[in-house]
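Engineer: Take this structure first; my questions come after.
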Amino acid sequence: MADALSPLLTLNDGASIPQLGLGVYKTTDAESADAVAFALQHGYRHVDTASMYLNERGVGDGVRRSGLPREEVFVTTKVWFTENGFDSTLRSFDESLGLLGFDYVDLYLIHWPAPEHDLYVDTWRALERLKAEGRARSIGVANFHPKHVDRLIAETATVPAVNQVELHPWLPQRELRAYDDAHGIVTQAWSPLARGNVLDPAQGGEALAALGRKHGKSPAQVVLRWHVQQGASVIPKSVTPARILENIDVFDFELDAEDLAVIASLETGRRTGVDPDDRN
C-alpha cells in the first residue's frame with residue numbers, strides 16, 4: 001500500500017490493515033464516491049462501509065475514480081443482522097460484492113451478533129467459507145462482546161481478525177480491548193468522536209481543546225491520536241475535504257502520560273449507539 005499516510009497493523013491471519021481509514025456511515029452513494037475518491041487521492045488507503053449503509057455502489061465508484069489499483073485499497077463491508085444465517089449471509093455478500101463492483105473485499109464483518117436470533121455462529125461459518133474461497137481476504141465481527149467471540153472460538157475454527165466496536169473517550173472499552181489483545185484481535189473504533197459529542201465544551205470537550213492547543217492540533221485530532229496510541233484501528237467519518245485531511249494528520253505528534261490521564265478522566269461509560277445485547 002504505497003504512499004499511504006497511515007501505518008499498517010498486522011492482523012492475526014497475516015494480512016495488513018491501514019490503522020486509520022475513512023468511514024462512510026449515513027452518506028449517500030454520491031457523497032461516498034466523492035469522499036472516497038478524495039480521501040484515496042490524499043493518502044488514505046482504507047474505507048469502511050456496510051450493506052446497511054446503502055452506499056456500497058458509491059464506495060466502489062470512489063475507489064475506481066481514485067485511480068489507485070484495487071489491491072492498494074483496503075475495503076471493509078458488513079452483513080446486516082437481519083441477514084444473519086448461513087445462506088442469507090452468502091446472498092448478502094454476493095449483493096455487496098456486486099454493488100461494490102469488486103471481485104473480493106479485504107475485510108467482511110458480521111455487523112451485529114443479534115444474540116436473541118442465535119444465528120451469529122452460522123453467519124460466521126459463512127464468513128469462513130468466503131475466506132476459504134478468497135472472496136473475503138479477512139473476516140471479523142462488529143459490536144461483539146467477549147462472550148460472543150468466546151462462542152465463535154469454541155464452536156468454529158477461526159478467531160476473528162477484527163472486532164469493530166463503539167469506542168471513544170467516554171467509552172474506552174478497556175476490558176474488551178484487553179480481551180481482543182489477548183486473542184490477537186485488532187480492536188477497531190466506530191464513532192471514535194462519540195458522534196462529535198465528546199468535543200462539546202459542555203461535555204468535557206474543553207479539556208480536549210486545551211490538549212489541542214498544547215500540541216498545535218484540533219480537539220478531534222487529539223482524540224484520533226489517542227485511538228492510534230492505544231493500537232486501535234479507527235475509521236472517522238467525514239464528507240468534508242478539509243476534515244478528511246485533518247483526520248489523517250495525526251501521525252506527527254505524541255500524547256504524553258499527562259495527556260492520557262486527562263483523556264482517561266473523561267470516561268463515563270456512555271454509549272451513543274446500542275448495546276450489542278440489545279440489538280435484535
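Simple scheme: letters A, B, ... for chains in C-alpha cells order, numbers from 1 for residues in each chain, numbers from 1 for ligands in the order shown.
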As a PyMOL selection string, list the residues of segment 26-273 of chain A assigned to strand (DSSP E or B) by DSSP on the backbone atoms of this structure.

Structural biologist: chain A and resi 46-48+74-79+105-110+136-142+162-166+168+171+186-190+233-234+237

Engineer: Hey, can you spit out that residue selection with C-alpha atoms as a PDB file, in the first residue's frame?

Structural biologist:
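Okay, result-v2.pdb is ready:
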```pdb
ATOM      1  CA  HIS A  46      -8.738   2.141   3.959  1.00  0.00           C
ATOM      2  CA  VAL A  47     -12.510   2.581   3.520  1.00  0.00           C
ATOM      3  CA  ASP A  48     -15.241   1.121   5.734  1.00  0.00           C
ATOM      4  CA  PHE A  74      -8.364  -1.903   1.891  1.00  0.00           C
ATOM      5  CA  VAL A  75     -12.168  -2.098   1.747  1.00  0.00           C
ATOM      6  CA  THR A  76     -14.435  -3.399   4.501  1.00  0.00           C
ATOM      7  CA  THR A  77     -18.138  -4.173   4.295  1.00  0.00           C
ATOM      8  CA  LYS A  78     -20.559  -5.957   6.605  1.00  0.00           C
ATOM      9  CA  VAL A  79     -23.620  -8.207   6.677  1.00  0.00           C
ATOM     10  CA  VAL A 105     -13.328  -7.443  -0.190  1.00  0.00           C
ATOM     11  CA  ASP A 106     -10.390  -7.080   2.142  1.00  0.00           C
ATOM     12  CA  LEU A 107     -12.469  -7.497   5.295  1.00  0.00           C
ATOM     13  CA  TYR A 108     -16.006  -8.796   5.802  1.00  0.00           C
ATOM     14  CA  LEU A 109     -17.683  -8.355   9.178  1.00  0.00           C
ATOM     15  CA  ILE A 110     -20.774  -9.603  10.981  1.00  0.00           C
ATOM     16  CA  ALA A 136     -13.184 -12.128   1.694  1.00  0.00           C
ATOM     17  CA  ARG A 137      -9.466 -11.818   2.385  1.00  0.00           C
ATOM     18  CA  SER A 138     -10.019 -11.374   6.138  1.00  0.00           C
ATOM     19  CA  ILE A 139     -13.091 -11.848   8.317  1.00  0.00           C
ATOM     20  CA  GLY A 140     -14.168 -10.344  11.595  1.00  0.00           C
ATOM     21  CA  VAL A 141     -17.009  -9.076  13.710  1.00  0.00           C
ATOM     22  CA  ALA A 142     -18.517  -5.816  14.843  1.00  0.00           C
ATOM     23  CA  VAL A 162     -11.084  -7.546  13.832  1.00  0.00           C
ATOM     24  CA  ASN A 163     -13.757  -6.515  16.326  1.00  0.00           C
ATOM     25  CA  GLN A 164     -15.241  -3.153  15.360  1.00  0.00           C
ATOM     26  CA  VAL A 165     -16.993  -1.517  18.328  1.00  0.00           C
ATOM     27  CA  GLU A 166     -18.143   1.825  19.634  1.00  0.00           C
ATOM     28  CA  HIS A 168     -14.201   6.829  22.348  1.00  0.00           C
ATOM     29  CA  LEU A 171     -16.409   4.545  26.433  1.00  0.00           C
ATOM     30  CA  VAL A 186      -7.487  -5.846  16.308  1.00  0.00           C
ATOM     31  CA  THR A 187      -9.993  -3.558  18.020  1.00  0.00           C
ATOM     32  CA  GLN A 188     -11.459  -1.032  15.601  1.00  0.00           C
ATOM     33  CA  ALA A 189     -13.288   2.106  16.721  1.00  0.00           C
ATOM     34  CA  TRP A 190     -16.519   3.294  15.198  1.00  0.00           C
ATOM     35  CA  SER A 233      -7.765   0.917  14.171  1.00  0.00           C
ATOM     36  CA  VAL A 234     -10.007   3.951  13.724  1.00  0.00           C
ATOM     37  CA  LYS A 237     -16.401   9.565   9.042  1.00  0.00           C
TER      38      LYS A 237
END
```

Engineer: Got a sec: who's within 7 Å of Tyr44 of chain A, counting only C-alpha atoms, leaving out chain neighbours fewer than 3 positions off, as number ranges by chain?

Structural biologist: A: 4-5, 21, 39-40

Engineer: Please, could you write that set of residues out with N, CA and C atoms as a PDB file, in the first residue's frame?

Structural biologist:
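Output (part_24.pdb):
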```pdb
ATOM      1  N   ALA A   4       0.640   5.474   1.324  1.00  0.00           N
ATOM      2  CA  ALA A   4      -0.353   5.681   2.373  1.00  0.00           C
ATOM      3  C   ALA A   4       0.264   6.473   3.520  1.00  0.00           C
ATOM      4  N   LEU A   5      -0.549   7.326   4.131  1.00  0.00           N
ATOM      5  CA  LEU A   5      -0.071   8.106   5.268  1.00  0.00           C
ATOM      6  C   LEU A   5      -0.194   7.334   6.578  1.00  0.00           C
ATOM      7  N   GLY A  21      -8.694   4.827   8.727  1.00  0.00           N
ATOM      8  CA  GLY A  21      -9.423   4.781   7.467  1.00  0.00           C
ATOM      9  C   GLY A  21     -10.565   5.767   7.440  1.00  0.00           C
ATOM     10  N   ALA A  39     -10.360  11.117  -0.472  1.00  0.00           N
ATOM     11  CA  ALA A  39      -9.523  10.561   0.595  1.00  0.00           C
ATOM     12  C   ALA A  39      -8.391   9.713   0.027  1.00  0.00           C
ATOM     13  N   LEU A  40      -8.710   8.867  -0.933  1.00  0.00           N
ATOM     14  CA  LEU A  40      -7.686   7.985  -1.504  1.00  0.00           C
ATOM     15  C   LEU A  40      -6.638   8.774  -2.272  1.00  0.00           C
TER      16      LEU A  40
END
```

Engineer: What are the DSSP helix (DSSP H, G or I) residues of segment 58-222 of chain A, as number ranges by chain?

Structural biologist: A: 58-66, 70-72, 81-83, 86-100, 115-117, 120-133, 146-155, 174-182, 194-199, 201-203, 205-215, 219-222

Engineer: Using Å and a single decimal, report how far atom CA of Ser218 of chain A sits from atom CA of Glu246 of chain A.

Structural biologist: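 Separation between atom CA of Glu246 of chain A and atom CA of Ser218 of chain A: 8.4 Å.
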
Engineer: Could you list, as a PDB file with N, CA and C atoms, in the first residue's frame, every residue within 12 Å of Gly43 of chain A, counting only C-alpha atoms and ignoring same-chain residues fewer than 3 positions away?

Structural biologist:
```pdb
ATOM      1  N   MET A   1       0.841  -1.196   0.000  1.00  0.00           N
ATOM      2  CA  MET A   1       0.000   0.000   0.000  1.00  0.00           C
ATOM      3  C   MET A   1       0.872   1.240   0.000  1.00  0.00           C
ATOM      4  N   ALA A   2       1.514   1.465  -1.117  1.00  0.00           N
ATOM      5  CA  ALA A   2       2.475   2.562  -1.256  1.00  0.00           C
ATOM      6  C   ALA A   2       1.793   3.909  -1.100  1.00  0.00           C
ATOM      7  N   ASP A   3       2.551   4.869  -0.590  1.00  0.00           N
ATOM      8  CA  ASP A   3       2.132   6.266  -0.469  1.00  0.00           C
ATOM      9  C   ASP A   3       1.027   6.494   0.561  1.00  0.00           C
ATOM     10  N   ALA A   4       0.640   5.474   1.324  1.00  0.00           N
ATOM     11  CA  ALA A   4      -0.353   5.681   2.373  1.00  0.00           C
ATOM     12  C   ALA A   4       0.264   6.473   3.520  1.00  0.00           C
ATOM     13  N   LEU A   5      -0.549   7.326   4.131  1.00  0.00           N
ATOM     14  CA  LEU A   5      -0.071   8.106   5.268  1.00  0.00           C
ATOM     15  C   LEU A   5      -0.194   7.334   6.578  1.00  0.00           C
ATOM     16  N   SER A   6      -1.128   6.409   6.634  1.00  0.00           N
ATOM     17  CA  SER A   6      -1.369   5.668   7.863  1.00  0.00           C
ATOM     18  C   SER A   6      -0.438   4.474   7.978  1.00  0.00           C
ATOM     19  N   PRO A   7       0.069   4.201   9.191  1.00  0.00           N
ATOM     20  CA  PRO A   7       0.816   2.950   9.392  1.00  0.00           C
ATOM     21  C   PRO A   7      -0.108   1.755   9.260  1.00  0.00           C
ATOM     22  N   PRO A  18      -4.516  -0.696   7.097  1.00  0.00           N
ATOM     23  CA  PRO A  18      -4.118   0.659   7.474  1.00  0.00           C
ATOM     24  C   PRO A  18      -4.833   1.061   8.761  1.00  0.00           C
ATOM     25  N   LEU A  20      -5.683   3.879  10.174  1.00  0.00           N
ATOM     26  CA  LEU A  20      -6.723   4.899  10.105  1.00  0.00           C
ATOM     27  C   LEU A  20      -7.375   4.868   8.732  1.00  0.00           C
ATOM     28  N   GLY A  21      -8.694   4.827   8.727  1.00  0.00           N
ATOM     29  CA  GLY A  21      -9.423   4.781   7.467  1.00  0.00           C
ATOM     30  C   GLY A  21     -10.565   5.767   7.440  1.00  0.00           C
ATOM     31  N   LEU A  22     -11.333   5.708   6.372  1.00  0.00           N
ATOM     32  CA  LEU A  22     -12.476   6.602   6.171  1.00  0.00           C
ATOM     33  C   LEU A  22     -13.768   5.837   6.388  1.00  0.00           C
ATOM     34  N   VAL A  36     -14.657   9.182  -0.900  1.00  0.00           N
ATOM     35  CA  VAL A  36     -13.688   8.100  -1.053  1.00  0.00           C
ATOM     36  C   VAL A  36     -12.620   8.474  -2.072  1.00  0.00           C
ATOM     37  N   ALA A  37     -13.026   9.009  -3.218  1.00  0.00           N
ATOM     38  CA  ALA A  37     -12.043   9.389  -4.241  1.00  0.00           C
ATOM     39  C   ALA A  37     -11.087  10.445  -3.692  1.00  0.00           C
ATOM     40  N   PHE A  38     -11.628  11.445  -3.000  1.00  0.00           N
ATOM     41  CA  PHE A  38     -10.779  12.494  -2.433  1.00  0.00           C
ATOM     42  C   PHE A  38      -9.826  11.924  -1.387  1.00  0.00           C
ATOM     43  N   ALA A  39     -10.360  11.117  -0.472  1.00  0.00           N
ATOM     44  CA  ALA A  39      -9.523  10.561   0.595  1.00  0.00           C
ATOM     45  C   ALA A  39      -8.391   9.713   0.027  1.00  0.00           C
ATOM     46  N   LEU A  40      -8.710   8.867  -0.933  1.00  0.00           N
ATOM     47  CA  LEU A  40      -7.686   7.985  -1.504  1.00  0.00           C
ATOM     48  C   LEU A  40      -6.638   8.774  -2.272  1.00  0.00           C
ATOM     49  N   HIS A  46      -7.846   3.012   3.190  1.00  0.00           N
ATOM     50  CA  HIS A  46      -8.738   2.141   3.959  1.00  0.00           C
ATOM     51  C   HIS A  46     -10.113   2.812   3.990  1.00  0.00           C
ATOM     52  N   VAL A  47     -11.138   2.068   3.547  1.00  0.00           N
ATOM     53  CA  VAL A  47     -12.510   2.581   3.520  1.00  0.00           C
ATOM     54  C   VAL A  47     -13.421   1.544   4.163  1.00  0.00           C
ATOM     55  N   SER A  66     -10.502   7.072  -7.894  1.00  0.00           N
ATOM     56  CA  SER A  66      -9.238   7.492  -7.275  1.00  0.00           C
ATOM     57  C   SER A  66      -8.043   7.241  -8.176  1.00  0.00           C
ATOM     58  N   LEU A  68      -6.322   4.562  -8.111  1.00  0.00           N
ATOM     59  CA  LEU A  68      -5.431   3.609  -7.461  1.00  0.00           C
ATOM     60  C   LEU A  68      -5.764   2.189  -7.888  1.00  0.00           C
ATOM     61  N   GLU A  72      -4.382  -1.751  -3.780  1.00  0.00           N
ATOM     62  CA  GLU A  72      -3.786  -0.779  -2.865  1.00  0.00           C
ATOM     63  C   GLU A  72      -4.798  -0.172  -1.900  1.00  0.00           C
ATOM     64  N   VAL A  73      -6.063  -0.581  -2.022  1.00  0.00           N
ATOM     65  CA  VAL A  73      -7.107  -0.022  -1.171  1.00  0.00           C
ATOM     66  C   VAL A  73      -7.742  -1.129  -0.338  1.00  0.00           C
ATOM     67  N   ILE A 244     -11.527  15.603   6.187  1.00  0.00           N
ATOM     68  CA  ILE A 244     -10.881  14.344   5.777  1.00  0.00           C
ATOM     69  C   ILE A 244      -9.365  14.485   5.892  1.00  0.00           C
ATOM     70  N   LEU A 245      -8.825  15.608   5.438  1.00  0.00           N
ATOM     71  CA  LEU A 245      -7.383  15.851   5.535  1.00  0.00           C
ATOM     72  C   LEU A 245      -6.945  15.981   6.989  1.00  0.00           C
ATOM     73  N   GLU A 246      -7.741  16.682   7.797  1.00  0.00           N
ATOM     74  CA  GLU A 246      -7.404  16.879   9.207  1.00  0.00           C
ATOM     75  C   GLU A 246      -7.362  15.553   9.949  1.00  0.00           C
ATOM     76  N   ASN A 247      -8.318  14.679   9.657  1.00  0.00           N
ATOM     77  CA  ASN A 247      -8.440  13.442  10.426  1.00  0.00           C
ATOM     78  C   ASN A 247      -7.254  12.499  10.262  1.00  0.00           C
ATOM     79  N   ILE A 248      -6.593  12.553   9.128  1.00  0.00           N
ATOM     80  CA  ILE A 248      -5.452  11.642   8.936  1.00  0.00           C
ATOM     81  C   ILE A 248      -4.128  12.291   9.339  1.00  0.00           C
ATOM     82  N   ASP A 249      -4.161  13.558   9.689  1.00  0.00           N
ATOM     83  CA  ASP A 249      -2.944  14.289  10.054  1.00  0.00           C
ATOM     84  C   ASP A 249      -2.678  14.144  11.556  1.00  0.00           C
TER      85      ASP A 249
END
```

Engineer: List the spatial neighbours of Ser238 of chain A as number ranges by chain - criterion: any atom at most 9 Å away, only C-alpha atoms, same-chain residues fewer than 2 positions off excluded.

Structural biologist: A: 22-25, 27, 35, 236, 240-241, 243-244, 247

Engineer: Selected residues, C-alpha atoms, written as a PDB file, in the first residue's frame, please.

Structural biologist:
```
ATOM      1  CA  LEU A  22     -12.476   6.602   6.171  1.00  0.00           C
ATOM      2  CA  GLY A  23     -15.950   5.810   7.460  1.00  0.00           C
ATOM      3  CA  VAL A  24     -18.996   6.480   5.273  1.00  0.00           C
ATOM      4  CA  TYR A  25     -21.937   5.855   7.624  1.00  0.00           C
ATOM      5  CA  THR A  27     -23.655   9.135   3.398  1.00  0.00           C
ATOM      6  CA  ALA A  35     -15.375  11.416  -0.260  1.00  0.00           C
ATOM      7  CA  PRO A 236     -13.582   8.606  11.386  1.00  0.00           C
ATOM      8  CA  THR A 240     -15.833  17.397   4.042  1.00  0.00           C
ATOM      9  CA  PRO A 241     -12.456  17.613   2.266  1.00  0.00           C
ATOM     10  CA  ARG A 243     -11.972  17.435   7.714  1.00  0.00           C
ATOM     11  CA  ILE A 244     -10.881  14.344   5.777  1.00  0.00           C
ATOM     12  CA  ASN A 247      -8.440  13.442  10.426  1.00  0.00           C
TER      13      ASN A 247
END
```

Engineer: Have a look at atom CA of Gly101 of chain A and atom CA of Ala232 of chain A and let me know their distance in Å, one decimal.

Structural biologist: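 Between atom CA of Gly101 of chain A and atom CA of Ala232 of chain A the gap works out to 28.9 Å.
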
Engineer: Excluding Glu56 of chain A and residues on its chain fewer than 2 positions from it, collect all residues at most 10 Å away from it, counting only C-alpha atoms, and give them as an MDAnalysis selection string.

Structural biologist: chainID A and resid 24 28:29 32:33 48:54 58:62 76:77 95:101

Engineer: Smallest atom-to-atom distance to Ser16 of chain A: which of A:Leu167, A:Arg45, A:Gly204, A:Trp226, using only C-alpha atoms?

Structural biologist: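 Residue with the minimum atom-to-atom distance to Ser16 of chain A: A:Arg45.
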
Engineer: Find the residue from A:Leu130, A:Leu119, A:Ala30, A:Ala182 that sits nearest to Asn12 of chain A; use only C-alpha atoms when measuring.

Structural biologist: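 Of A:Leu130, A:Leu119, A:Ala30, A:Ala182, the one nearest Asn12 of chain A, counting only C-alpha atoms, is A:Ala182.
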